Amino acid sequence: MMTSLPPFDHDFGSKYTGPPNPTWSWGQRIDSTPHGRVWMEGEKQGWKTVITAEEDPNKLYALMISGIVPRPIALVSSVSEQGVENLAPFSWFGMISNWPPVVAVCCLNAPLSRLKDTTTNVIDNTSAGFVINIISEPFIEHANATSIDCPPDMDEWTLSGLTKVPSIHVKPPRVKESAFSMECHLFQSIPIVDPISNATTTTLILAHVKCIHVRKDMLTERGMVNITKFQPVSRLGDNSYGRVGDAYKLARPSWSADEGKIKEVIESAE
């Protein structure tokens, strides 16, 4: 199937554009624009409602990972109590807090509720810490190789061709190819238990970020990561991945600036 797809466009570059509806105003309905009307046409086909308790878990998994998109990917470097290094990607991942700096990684348990190697390493070898590396397009195949279901003593680093760089605060190395890596210690682990079967299906790992490594060429003058240079990869449904397309900026609404306009809209709707 993949051989029938067009080749990857290496010349593509994301850029900043204006927002989808630059003339939007308070109270404006979506069908007031051509794009909005086209979007709402699809609603005429109706809705499919899924009662999760009645759905097959595998089908629910497929539906949720295809609808909750795009998802950033954490390439986690960890080490076992026996000193065996592990490298694995997880797309159930996101930021929780900037202070204390905490991010979350969810690890779906293996069959029979067995913890995956990453989960075991993080929880049982707490003092060692772990590293979360963000994946960019130039090494997505390398990172994807680490998702193989190999035996626990297999070296994913060698299989992937990725490069180890010593960390500062934790024992596992970080990935040199990653332009943004976070050295972490376990903040809290939370088992996700099925209320019906009482089986632990997933483990939520809250990671306390102790140190961040970011390549200087990725930074803007304001000290933020330039998304057009970073080329981060996102996870989509089935075995699909996504790239960052054009980006646009939207100012956060301000009550003090728009209070009068907002009150006019509310009064006209009454």
# chains A, B, ... in the order shown; residues from 1 in each chain; ligands from 1

call {"tool": "residues_around", "arguments": {"residues": "segment 70-78 of chain A", "least_positions_apart": "4", "cutoff": "7 Å", "atoms": "only C-alpha atoms", "output": "ChimeraX atom specification"}}
result
/A:85-91,93,118,121-122,130-135,172-174,233-236

call {"tool": "select_by_dssp", "arguments": {"residues": "segment 27-242 of chain A", "states": "helix (DSSP H, G or I)", "output": "PyMOL selection string"}}
result
chain A and resi 30-32+34-45+52-54+57-67+111-113+117-124+126-128+137-145+156-160+216-218+227-230

call {"tool": "residues_around", "arguments": {"residues": "Val214 of chain A", "least_positions_apart": "6", "cutoff": "12 Å", "atoms": "only C-alpha atoms", "output": "number ranges by chain"}}
result
A: 133-134, 174-183, 220, 223-226, 230

call {"tool": "write_last_selection", "arguments": {"atoms": "N, CA, C and O atoms", "output": "mmCIF file, in the first residue's frame"}}
result
data_model
loop_
_atom_site.group_PDB
_atom_site.id
_atom_site.type_symbol
_atom_site.label_atom_id
_atom_site.label_comp_id
_atom_site.auth_asym_id
_atom_site.auth_seq_id
_atom_site.Cartn_x
_atom_site.Cartn_y
_atom_site.Cartn_z
ATOM 1 N N ASN A 133 12.366 12.590 24.555
ATOM 2 C CA ASN A 133 12.896 13.253 23.363
ATOM 3 C C ASN A 133 11.767 13.489 22.365
ATOM 4 O O ASN A 133 10.951 12.594 22.121
ATOM 5 N N ILE A 134 11.711 14.681 21.791
ATOM 6 C CA ILE A 134 10.694 14.989 20.788
ATOM 7 C C ILE A 134 11.223 14.584 19.405
ATOM 8 O O ILE A 134 12.386 14.818 19.077
ATOM 9 N N ARG A 174 20.274 10.800 26.396
ATOM 10 C CA ARG A 174 19.276 11.432 25.546
ATOM 11 C C ARG A 174 19.623 11.141 24.087
ATOM 12 O O ARG A 174 20.715 10.655 23.775
ATOM 13 N N VAL A 175 18.672 11.430 23.199
ATOM 14 C CA VAL A 175 18.860 11.190 21.775
ATOM 15 C C VAL A 175 19.482 12.428 21.130
ATOM 16 O O VAL A 175 18.880 13.511 21.143
ATOM 17 N N LYS A 176 20.671 12.262 20.576
ATOM 18 C CA LYS A 176 21.385 13.398 19.975
ATOM 19 C C LYS A 176 20.597 14.010 18.826
ATOM 20 O O LYS A 176 20.612 15.233 18.624
ATOM 21 N N GLU A 177 19.914 13.181 18.057
ATOM 22 C CA GLU A 177 19.188 13.669 16.887
ATOM 23 C C GLU A 177 17.974 14.519 17.255
ATOM 24 O O GLU A 177 17.483 15.282 16.412
ATOM 25 N N SER A 178 17.482 14.401 18.472
ATOM 26 C CA SER A 178 16.333 15.185 18.901
ATOM 27 C C SER A 178 16.752 16.613 19.225
ATOM 28 O O SER A 178 17.718 16.836 19.954
ATOM 29 N N ALA A 179 16.005 17.576 18.687
ATOM 30 C CA ALA A 179 16.319 18.988 18.925
ATOM 31 C C ALA A 179 15.729 19.507 20.225
ATOM 32 O O ALA A 179 15.992 20.649 20.615
ATOM 33 N N PHE A 180 14.924 18.669 20.903
ATOM 34 C CA PHE A 180 14.299 19.087 22.158
ATOM 35 C C PHE A 180 14.148 17.859 23.047
ATOM 36 O O PHE A 180 13.348 16.974 22.760
ATOM 37 N N SER A 181 14.947 17.803 24.116
ATOM 38 C CA SER A 181 14.923 16.653 25.027
ATOM 39 C C SER A 181 14.753 17.135 26.460
ATOM 40 O O SER A 181 15.272 18.196 26.838
ATOM 41 N N MET A 182 14.055 16.332 27.261
ATOM 42 C CA MET A 182 13.795 16.682 28.659
ATOM 43 C C MET A 182 14.257 15.559 29.579
ATOM 44 O O MET A 182 13.782 14.427 29.471
ATOM 45 N N GLU A 183 15.189 15.870 30.459
ATOM 46 C CA GLU A 183 15.597 14.910 31.484
ATOM 47 C C GLU A 183 14.580 14.963 32.617
ATOM 48 O O GLU A 183 14.248 16.045 33.122
ATOM 49 N N THR A 220 13.864 31.043 18.423
ATOM 50 C CA THR A 220 13.619 32.380 17.899
ATOM 51 C C THR A 220 14.343 33.391 18.788
ATOM 52 O O THR A 220 14.922 33.039 19.815
ATOM 53 N N GLY A 223 13.395 33.270 22.335
ATOM 54 C CA GLY A 223 13.717 32.084 23.108
ATOM 55 C C GLY A 223 12.701 30.971 22.999
ATOM 56 O O GLY A 223 12.696 30.040 23.813
ATOM 57 N N MET A 224 11.834 31.036 22.001
ATOM 58 C CA MET A 224 10.836 29.989 21.774
ATOM 59 C C MET A 224 11.261 29.114 20.600
ATOM 60 O O MET A 224 12.040 29.543 19.742
ATOM 61 N N VAL A 225 10.744 27.885 20.566
ATOM 62 C CA VAL A 225 11.082 26.978 19.480
ATOM 63 C C VAL A 225 10.365 27.412 18.203
ATOM 64 O O VAL A 225 9.162 27.649 18.201
ATOM 65 N N ASN A 226 11.124 27.510 17.111
ATOM 66 C CA ASN A 226 10.573 27.883 15.813
ATOM 67 C C ASN A 226 9.978 26.644 15.159
ATOM 68 O O ASN A 226 10.703 25.733 14.754
ATOM 69 N N PHE A 230 11.706 23.239 13.535
ATOM 70 C CA PHE A 230 11.635 22.081 14.427
ATOM 71 C C PHE A 230 11.131 20.824 13.707
ATOM 72 O O PHE A 230 11.569 19.710 13.996
#

call {"tool": "residues_around", "arguments": {"residues": "segment 149-155 of chain A", "least_positions_apart": "2", "cutoff": "8 Å", "atoms": "only C-alpha atoms", "output": "JSON, numbers by chain"}}
result
{"A": [84, 85, 86, 117, 147, 157, 158, 159]}

call {"tool": "residues_around", "arguments": {"residues": "segment 189-194 of chain A", "least_positions_apart": "5", "cutoff": "12 Å", "atoms": "only C-alpha atoms", "output": "compact mmCIF listing (two decimals) with C-alpha atoms, in the first residue's frame"}}
result
# COMPACT_ATOMS: atom_id res chain seq x y z
CA ALA A 53 -19.05 0.43 27.88
CA PRO A 57 -12.00 -2.22 23.25
CA VAL A 103 4.56 16.37 31.44
CA ALA A 104 2.47 13.21 31.12
CA VAL A 105 3.16 9.98 29.28
CA CYS A 106 0.59 7.17 29.18
CA CYS A 107 1.83 3.64 28.62
CA LEU A 108 -0.71 1.07 27.47
CA ASN A 109 0.02 -2.15 29.33
CA SER A 113 -1.79 -6.34 32.36
CA ARG A 114 1.99 -6.75 32.13
CA LEU A 115 3.80 -3.45 32.37
CA THR A 119 6.86 1.69 32.63
CA THR A 120 8.80 -0.86 34.67
CA VAL A 122 10.52 4.39 35.26
CA ILE A 123 8.69 3.03 38.32
CA ASP A 124 11.13 0.40 39.61
CA THR A 126 13.13 5.68 40.11
CA ALA A 199 -7.65 -4.87 35.40
CA THR A 200 -4.93 -2.24 35.13
CA THR A 201 -4.95 -1.36 31.43
CA THR A 202 -2.74 1.71 31.31
CA THR A 203 -0.19 3.50 33.46
CA LEU A 204 -0.12 7.30 33.59
CA ILE A 205 3.38 8.60 34.24
CA LEU A 206 3.75 12.17 35.42
CA ALA A 207 7.29 13.30 34.70
CA HIS A 208 9.03 16.11 36.57

call {"tool": "atom_distance", "arguments": {"atom1": "atom CA of Met40 of chain A", "atom2": "atom CA of Ser66 of chain A"}}
result
20.3 Å

call {"tool": "residues_around", "arguments": {"residues": "Glu81 of chain A", "least_positions_apart": "2", "cutoff": "7 Å", "atoms": "only C-alpha atoms", "output": "PyMOL selection string"}}
result
chain A and resi 79+83+125

call {"tool": "closest_residue", "arguments": {"among": "A:Met95, A:Leu250, A:Ala143, A:Val102", "to": "Asn21 of chain A", "atoms": "only C-alpha atoms"}}
result
A:Leu250

call {"tool": "select_by_dssp", "arguments": {"residues": "segment 61-206 of chain A", "states": "strand (DSSP E or B)", "output": "PyMOL selection string"}}
result
chain A and resi 71-72+74-79+85-90+93-98+101-108+110+114+130-134+136+164-165+174-175+180-193+200-206

call {"tool": "atom_distance", "arguments": {"atom1": "atom CA of Trp24 of chain A", "atom2": "atom CA of Glu270 of chain A"}}
result
20.8 Å

call {"tool": "residues_around", "arguments": {"residues": "segment 252-268 of chain A", "least_positions_apart": "5", "cutoff": "12 Å", "atoms": "only C-alpha atoms", "output": "PDB file with all heavy atoms, in the first residue's frame"}}
result
ATOM      1  N   SER A  25     -16.274  37.929  14.474  1.00  0.00           N
ATOM      2  CA  SER A  25     -16.651  38.856  15.545  1.00  0.00           C
ATOM      3  C   SER A  25     -17.496  38.111  16.570  1.00  0.00           C
ATOM      4  O   SER A  25     -18.015  37.021  16.293  1.00  0.00           O
ATOM      5  CB  SER A  25     -17.430  40.046  14.970  1.00  0.00           C
ATOM      6  OG  SER A  25     -18.603  39.592  14.304  1.00  0.00           O
ATOM      7  N   TRP A  26     -17.644  38.670  17.747  1.00  0.00           N
ATOM      8  CA  TRP A  26     -18.380  38.022  18.834  1.00  0.00           C
ATOM      9  C   TRP A  26     -19.798  37.647  18.392  1.00  0.00           C
ATOM     10  O   TRP A  26     -20.520  38.459  17.828  1.00  0.00           O
ATOM     11  CB  TRP A  26     -18.445  38.936  20.057  1.00  0.00           C
ATOM     12  CG  TRP A  26     -17.106  39.211  20.665  1.00  0.00           C
ATOM     13  CD1 TRP A  26     -16.381  40.367  20.586  1.00  0.00           C
ATOM     14  CD2 TRP A  26     -16.333  38.307  21.447  1.00  0.00           C
ATOM     15  NE1 TRP A  26     -15.196  40.241  21.252  1.00  0.00           N
ATOM     16  CE2 TRP A  26     -15.125  38.983  21.808  1.00  0.00           C
ATOM     17  CE3 TRP A  26     -16.505  36.997  21.884  1.00  0.00           C
ATOM     18  CZ2 TRP A  26     -14.133  38.401  22.578  1.00  0.00           C
ATOM     19  CZ3 TRP A  26     -15.508  36.408  22.645  1.00  0.00           C
ATOM     20  CH2 TRP A  26     -14.344  37.102  22.986  1.00  0.00           C
ATOM     21  N   GLY A  27     -20.177  36.392  18.660  1.00  0.00           N
ATOM     22  CA  GLY A  27     -21.516  35.935  18.354  1.00  0.00           C
ATOM     23  C   GLY A  27     -21.726  35.487  16.919  1.00  0.00           C
ATOM     24  O   GLY A  27     -22.819  35.025  16.568  1.00  0.00           O
ATOM     25  N   GLN A  28     -20.708  35.610  16.074  1.00  0.00           N
ATOM     26  CA  GLN A  28     -20.858  35.219  14.670  1.00  0.00           C
ATOM     27  C   GLN A  28     -21.029  33.711  14.547  1.00  0.00           C
ATOM     28  O   GLN A  28     -20.286  32.946  15.154  1.00  0.00           O
ATOM     29  CB  GLN A  28     -19.628  35.672  13.869  1.00  0.00           C
ATOM     30  CG  GLN A  28     -19.728  35.404  12.385  1.00  0.00           C
ATOM     31  CD  GLN A  28     -18.442  35.772  11.655  1.00  0.00           C
ATOM     32  OE1 GLN A  28     -17.567  34.959  11.496  1.00  0.00           O
ATOM     33  NE2 GLN A  28     -18.340  37.032  11.252  1.00  0.00           N
ATOM     34  N   ARG A  29     -21.988  33.275  13.764  1.00  0.00           N
ATOM     35  CA  ARG A  29     -22.242  31.856  13.581  1.00  0.00           C
ATOM     36  C   ARG A  29     -21.314  31.279  12.519  1.00  0.00           C
ATOM     37  O   ARG A  29     -20.859  31.991  11.622  1.00  0.00           O
ATOM     38  CB  ARG A  29     -23.707  31.625  13.189  1.00  0.00           C
ATOM     39  CG  ARG A  29     -24.695  32.043  14.273  1.00  0.00           C
ATOM     40  CD  ARG A  29     -26.118  31.793  13.829  1.00  0.00           C
ATOM     41  NE  ARG A  29     -26.357  30.375  13.540  1.00  0.00           N
ATOM     42  CZ  ARG A  29     -26.640  29.458  14.469  1.00  0.00           C
ATOM     43  NH1 ARG A  29     -26.728  29.816  15.744  1.00  0.00           N
ATOM     44  NH2 ARG A  29     -26.852  28.205  14.127  1.00  0.00           N
TER      45      ARG A  29
END

call {"tool": "decode", "arguments": {"residues": "segment 41-194 of chain A", "atoms": "C-alpha atoms", "output": "mmCIF file, in the first residue's frame"}}
result
data_model
loop_
_atom_site.group_PDB
_atom_site.id
_atom_site.type_symbol
_atom_site.label_atom_id
_atom_site.label_comp_id
_atom_site.auth_asym_id
_atom_site.auth_seq_id
_atom_site.Cartn_x
_atom_site.Cartn_y
_atom_site.Cartn_z
ATOM 1 C CA GLU A 41 -23.004 20.353 5.380
ATOM 2 C CA GLY A 42 -21.512 17.128 6.704
ATOM 3 C CA GLU A 43 -23.780 17.248 9.738
ATOM 4 C CA LYS A 44 -26.741 16.403 7.510
ATOM 5 C CA GLN A 45 -25.461 12.817 7.316
ATOM 6 C CA GLY A 46 -26.158 12.425 11.025
ATOM 7 C CA TRP A 47 -24.118 11.222 13.973
ATOM 8 C CA LYS A 48 -22.785 7.894 15.193
ATOM 9 C CA THR A 49 -22.992 7.647 18.983
ATOM 10 C CA VAL A 50 -20.682 5.152 20.657
ATOM 11 C CA ILE A 51 -21.495 3.899 24.153
ATOM 12 C CA THR A 52 -18.013 3.081 25.358
ATOM 13 C CA ALA A 53 -19.053 0.425 27.876
ATOM 14 C CA GLU A 54 -20.729 -1.510 25.059
ATOM 15 C CA GLU A 55 -18.000 -1.112 22.449
ATOM 16 C CA ASP A 56 -15.231 -3.589 21.660
ATOM 17 C CA PRO A 57 -11.996 -2.216 23.251
ATOM 18 C CA ASN A 58 -10.019 -2.681 20.038
ATOM 19 C CA LYS A 59 -12.570 -0.745 17.996
ATOM 20 C CA LEU A 60 -12.689 1.918 20.697
ATOM 21 C CA TYR A 61 -8.903 2.188 20.554
ATOM 22 C CA ALA A 62 -8.955 2.642 16.769
ATOM 23 C CA LEU A 63 -11.695 5.269 16.961
ATOM 24 C CA MET A 64 -10.100 7.293 19.730
ATOM 25 C CA ILE A 65 -6.576 7.405 18.280
ATOM 26 C CA SER A 66 -8.022 8.524 14.945
ATOM 27 C CA GLY A 67 -10.211 11.233 16.489
ATOM 28 C CA ILE A 68 -7.861 12.610 19.145
ATOM 29 C CA VAL A 69 -5.314 14.067 16.755
ATOM 30 C CA PRO A 70 -2.705 15.279 16.215
ATOM 31 C CA ARG A 71 -0.760 13.883 19.166
ATOM 32 C CA PRO A 72 2.866 14.770 19.960
ATOM 33 C CA ILE A 73 5.180 11.801 20.421
ATOM 34 C CA ALA A 74 7.500 11.163 23.364
ATOM 35 C CA LEU A 75 10.541 9.050 22.531
ATOM 36 C CA VAL A 76 11.424 7.820 26.013
ATOM 37 C CA SER A 77 14.918 6.697 26.985
ATOM 38 C CA SER A 78 15.039 4.647 30.200
ATOM 39 C CA VAL A 79 17.182 2.040 31.924
ATOM 40 C CA SER A 80 16.284 -1.018 34.002
ATOM 41 C CA GLU A 81 17.609 -1.870 37.447
ATOM 42 C CA GLN A 82 19.866 -4.392 35.703
ATOM 43 C CA GLY A 83 21.328 -1.657 33.502
ATOM 44 C CA VAL A 84 19.493 -2.592 30.290
ATOM 45 C CA GLU A 85 18.728 0.540 28.266
ATOM 46 C CA ASN A 86 15.390 0.978 26.531
ATOM 47 C CA LEU A 87 14.094 3.405 23.905
ATOM 48 C CA ALA A 88 10.412 3.539 22.939
ATOM 49 C CA PRO A 89 7.849 6.018 21.487
ATOM 50 C CA PHE A 90 4.537 6.986 23.121
ATOM 51 C CA SER A 91 1.886 9.229 21.567
ATOM 52 C CA TRP A 92 -0.346 9.483 24.639
ATOM 53 C CA PHE A 93 1.754 12.408 25.762
ATOM 54 C CA GLY A 94 1.312 16.050 26.686
ATOM 55 C CA MET A 95 2.203 18.977 28.922
ATOM 56 C CA ILE A 96 0.583 19.214 32.372
ATOM 57 C CA SER A 97 2.225 22.159 34.141
ATOM 58 C CA ASN A 98 5.009 24.668 33.569
ATOM 59 C CA TRP A 99 5.669 25.089 37.315
ATOM 60 C CA PRO A 100 6.531 22.646 38.528
ATOM 61 C CA PRO A 101 7.410 21.582 34.979
ATOM 62 C CA VAL A 102 5.455 18.350 34.545
ATOM 63 C CA VAL A 103 4.559 16.373 31.436
ATOM 64 C CA ALA A 104 2.472 13.210 31.125
ATOM 65 C CA VAL A 105 3.161 9.976 29.277
ATOM 66 C CA CYS A 106 0.591 7.174 29.177
ATOM 67 C CA CYS A 107 1.833 3.639 28.615
ATOM 68 C CA LEU A 108 -0.706 1.066 27.467
ATOM 69 C CA ASN A 109 0.022 -2.146 29.330
ATOM 70 C CA ALA A 110 1.002 -5.304 27.501
ATOM 71 C CA PRO A 111 -1.355 -8.343 27.429
ATOM 72 C CA LEU A 112 -2.348 -9.791 30.804
ATOM 73 C CA SER A 113 -1.793 -6.341 32.360
ATOM 74 C CA ARG A 114 1.987 -6.753 32.133
ATOM 75 C CA LEU A 115 3.796 -3.448 32.371
ATOM 76 C CA LYS A 116 5.856 -2.409 29.381
ATOM 77 C CA ASP A 117 9.614 -2.098 29.770
ATOM 78 C CA THR A 118 9.485 1.692 29.867
ATOM 79 C CA THR A 119 6.860 1.693 32.634
ATOM 80 C CA THR A 120 8.802 -0.857 34.667
ATOM 81 C CA ASN A 121 12.048 1.057 34.281
ATOM 82 C CA VAL A 122 10.520 4.387 35.260
ATOM 83 C CA ILE A 123 8.687 3.027 38.316
ATOM 84 C CA ASP A 124 11.135 0.402 39.615
ATOM 85 C CA ASN A 125 14.340 2.301 38.865
ATOM 86 C CA THR A 126 13.134 5.676 40.105
ATOM 87 C CA SER A 127 16.531 7.109 40.997
ATOM 88 C CA ALA A 128 17.810 6.617 37.434
ATOM 89 C CA GLY A 129 15.238 8.948 35.861
ATOM 90 C CA PHE A 130 14.453 8.987 32.152
ATOM 91 C CA VAL A 131 14.584 11.239 29.106
ATOM 92 C CA ILE A 132 11.722 12.354 26.871
ATOM 93 C CA ASN A 133 12.896 13.253 23.363
ATOM 94 C CA ILE A 134 10.694 14.989 20.788
ATOM 95 C CA ILE A 135 10.722 13.455 17.309
ATOM 96 C CA SER A 136 11.333 15.485 14.146
ATOM 97 C CA GLU A 137 10.852 14.434 10.527
ATOM 98 C CA PRO A 138 14.506 13.658 9.641
ATOM 99 C CA PHE A 139 14.613 10.706 12.072
ATOM 100 C CA ILE A 140 11.012 9.477 12.226
ATOM 101 C CA GLU A 141 11.901 6.087 10.701
ATOM 102 C CA HIS A 142 14.653 5.653 13.289
ATOM 103 C CA ALA A 143 12.233 6.445 16.100
ATOM 104 C CA ASN A 144 9.523 4.222 14.665
ATOM 105 C CA ALA A 145 11.960 1.292 14.689
ATOM 106 C CA THR A 146 12.068 1.471 18.488
ATOM 107 C CA SER A 147 8.376 0.517 18.665
ATOM 108 C CA ILE A 148 9.198 -3.050 17.626
ATOM 109 C CA ASP A 149 7.973 -5.756 20.007
ATOM 110 C CA CYS A 150 11.421 -7.145 20.661
ATOM 111 C CA PRO A 151 12.560 -9.040 23.792
ATOM 112 C CA PRO A 152 13.341 -6.922 26.895
ATOM 113 C CA ASP A 153 17.100 -7.451 26.562
ATOM 114 C CA MET A 154 17.222 -6.226 22.953
ATOM 115 C CA ASP A 155 19.024 -2.929 22.276
ATOM 116 C CA GLU A 156 16.657 -0.529 20.493
ATOM 117 C CA TRP A 157 19.425 2.049 20.229
ATOM 118 C CA THR A 158 21.458 -0.159 17.902
ATOM 119 C CA LEU A 159 18.406 -1.162 15.878
ATOM 120 C CA SER A 160 17.346 2.454 15.372
ATOM 121 C CA GLY A 161 20.738 3.901 14.512
ATOM 122 C CA LEU A 162 20.126 6.801 16.882
ATOM 123 C CA THR A 163 22.960 8.358 18.852
ATOM 124 C CA LYS A 164 23.378 8.396 22.629
ATOM 125 C CA VAL A 165 24.437 11.575 24.429
ATOM 126 C CA PRO A 166 25.181 11.486 28.187
ATOM 127 C CA SER A 167 22.546 13.208 30.318
ATOM 128 C CA ILE A 168 23.296 15.629 33.162
ATOM 129 C CA HIS A 169 20.751 14.771 35.860
ATOM 130 C CA VAL A 170 19.605 11.262 34.922
ATOM 131 C CA LYS A 171 21.275 7.981 34.058
ATOM 132 C CA PRO A 172 19.715 7.152 30.644
ATOM 133 C CA PRO A 173 21.208 8.977 27.657
ATOM 134 C CA ARG A 174 19.276 11.432 25.546
ATOM 135 C CA VAL A 175 18.860 11.190 21.775
ATOM 136 C CA LYS A 176 21.385 13.398 19.975
ATOM 137 C CA GLU A 177 19.188 13.669 16.887
ATOM 138 C CA SER A 178 16.333 15.185 18.901
ATOM 139 C CA ALA A 179 16.319 18.988 18.925
ATOM 140 C CA PHE A 180 14.299 19.087 22.158
ATOM 141 C CA SER A 181 14.923 16.653 25.027
ATOM 142 C CA MET A 182 13.795 16.682 28.659
ATOM 143 C CA GLU A 183 15.597 14.910 31.484
ATOM 144 C CA CYS A 184 12.967 13.769 33.960
ATOM 145 C CA HIS A 185 12.336 12.065 37.265
ATOM 146 C CA LEU A 186 9.126 10.312 38.213
ATOM 147 C CA PHE A 187 6.670 12.758 39.774
ATOM 148 C CA GLN A 188 3.828 10.282 40.154
ATOM 149 C CA SER A 189 2.561 7.102 38.524
ATOM 150 C CA ILE A 190 -1.150 6.389 38.360
ATOM 151 C CA PRO A 191 -2.544 2.994 37.329
ATOM 152 C CA ILE A 192 -5.645 3.292 35.156
ATOM 153 C CA VAL A 193 -8.007 0.551 36.309
ATOM 154 C CA ASP A 194 -11.021 -0.725 34.407
#
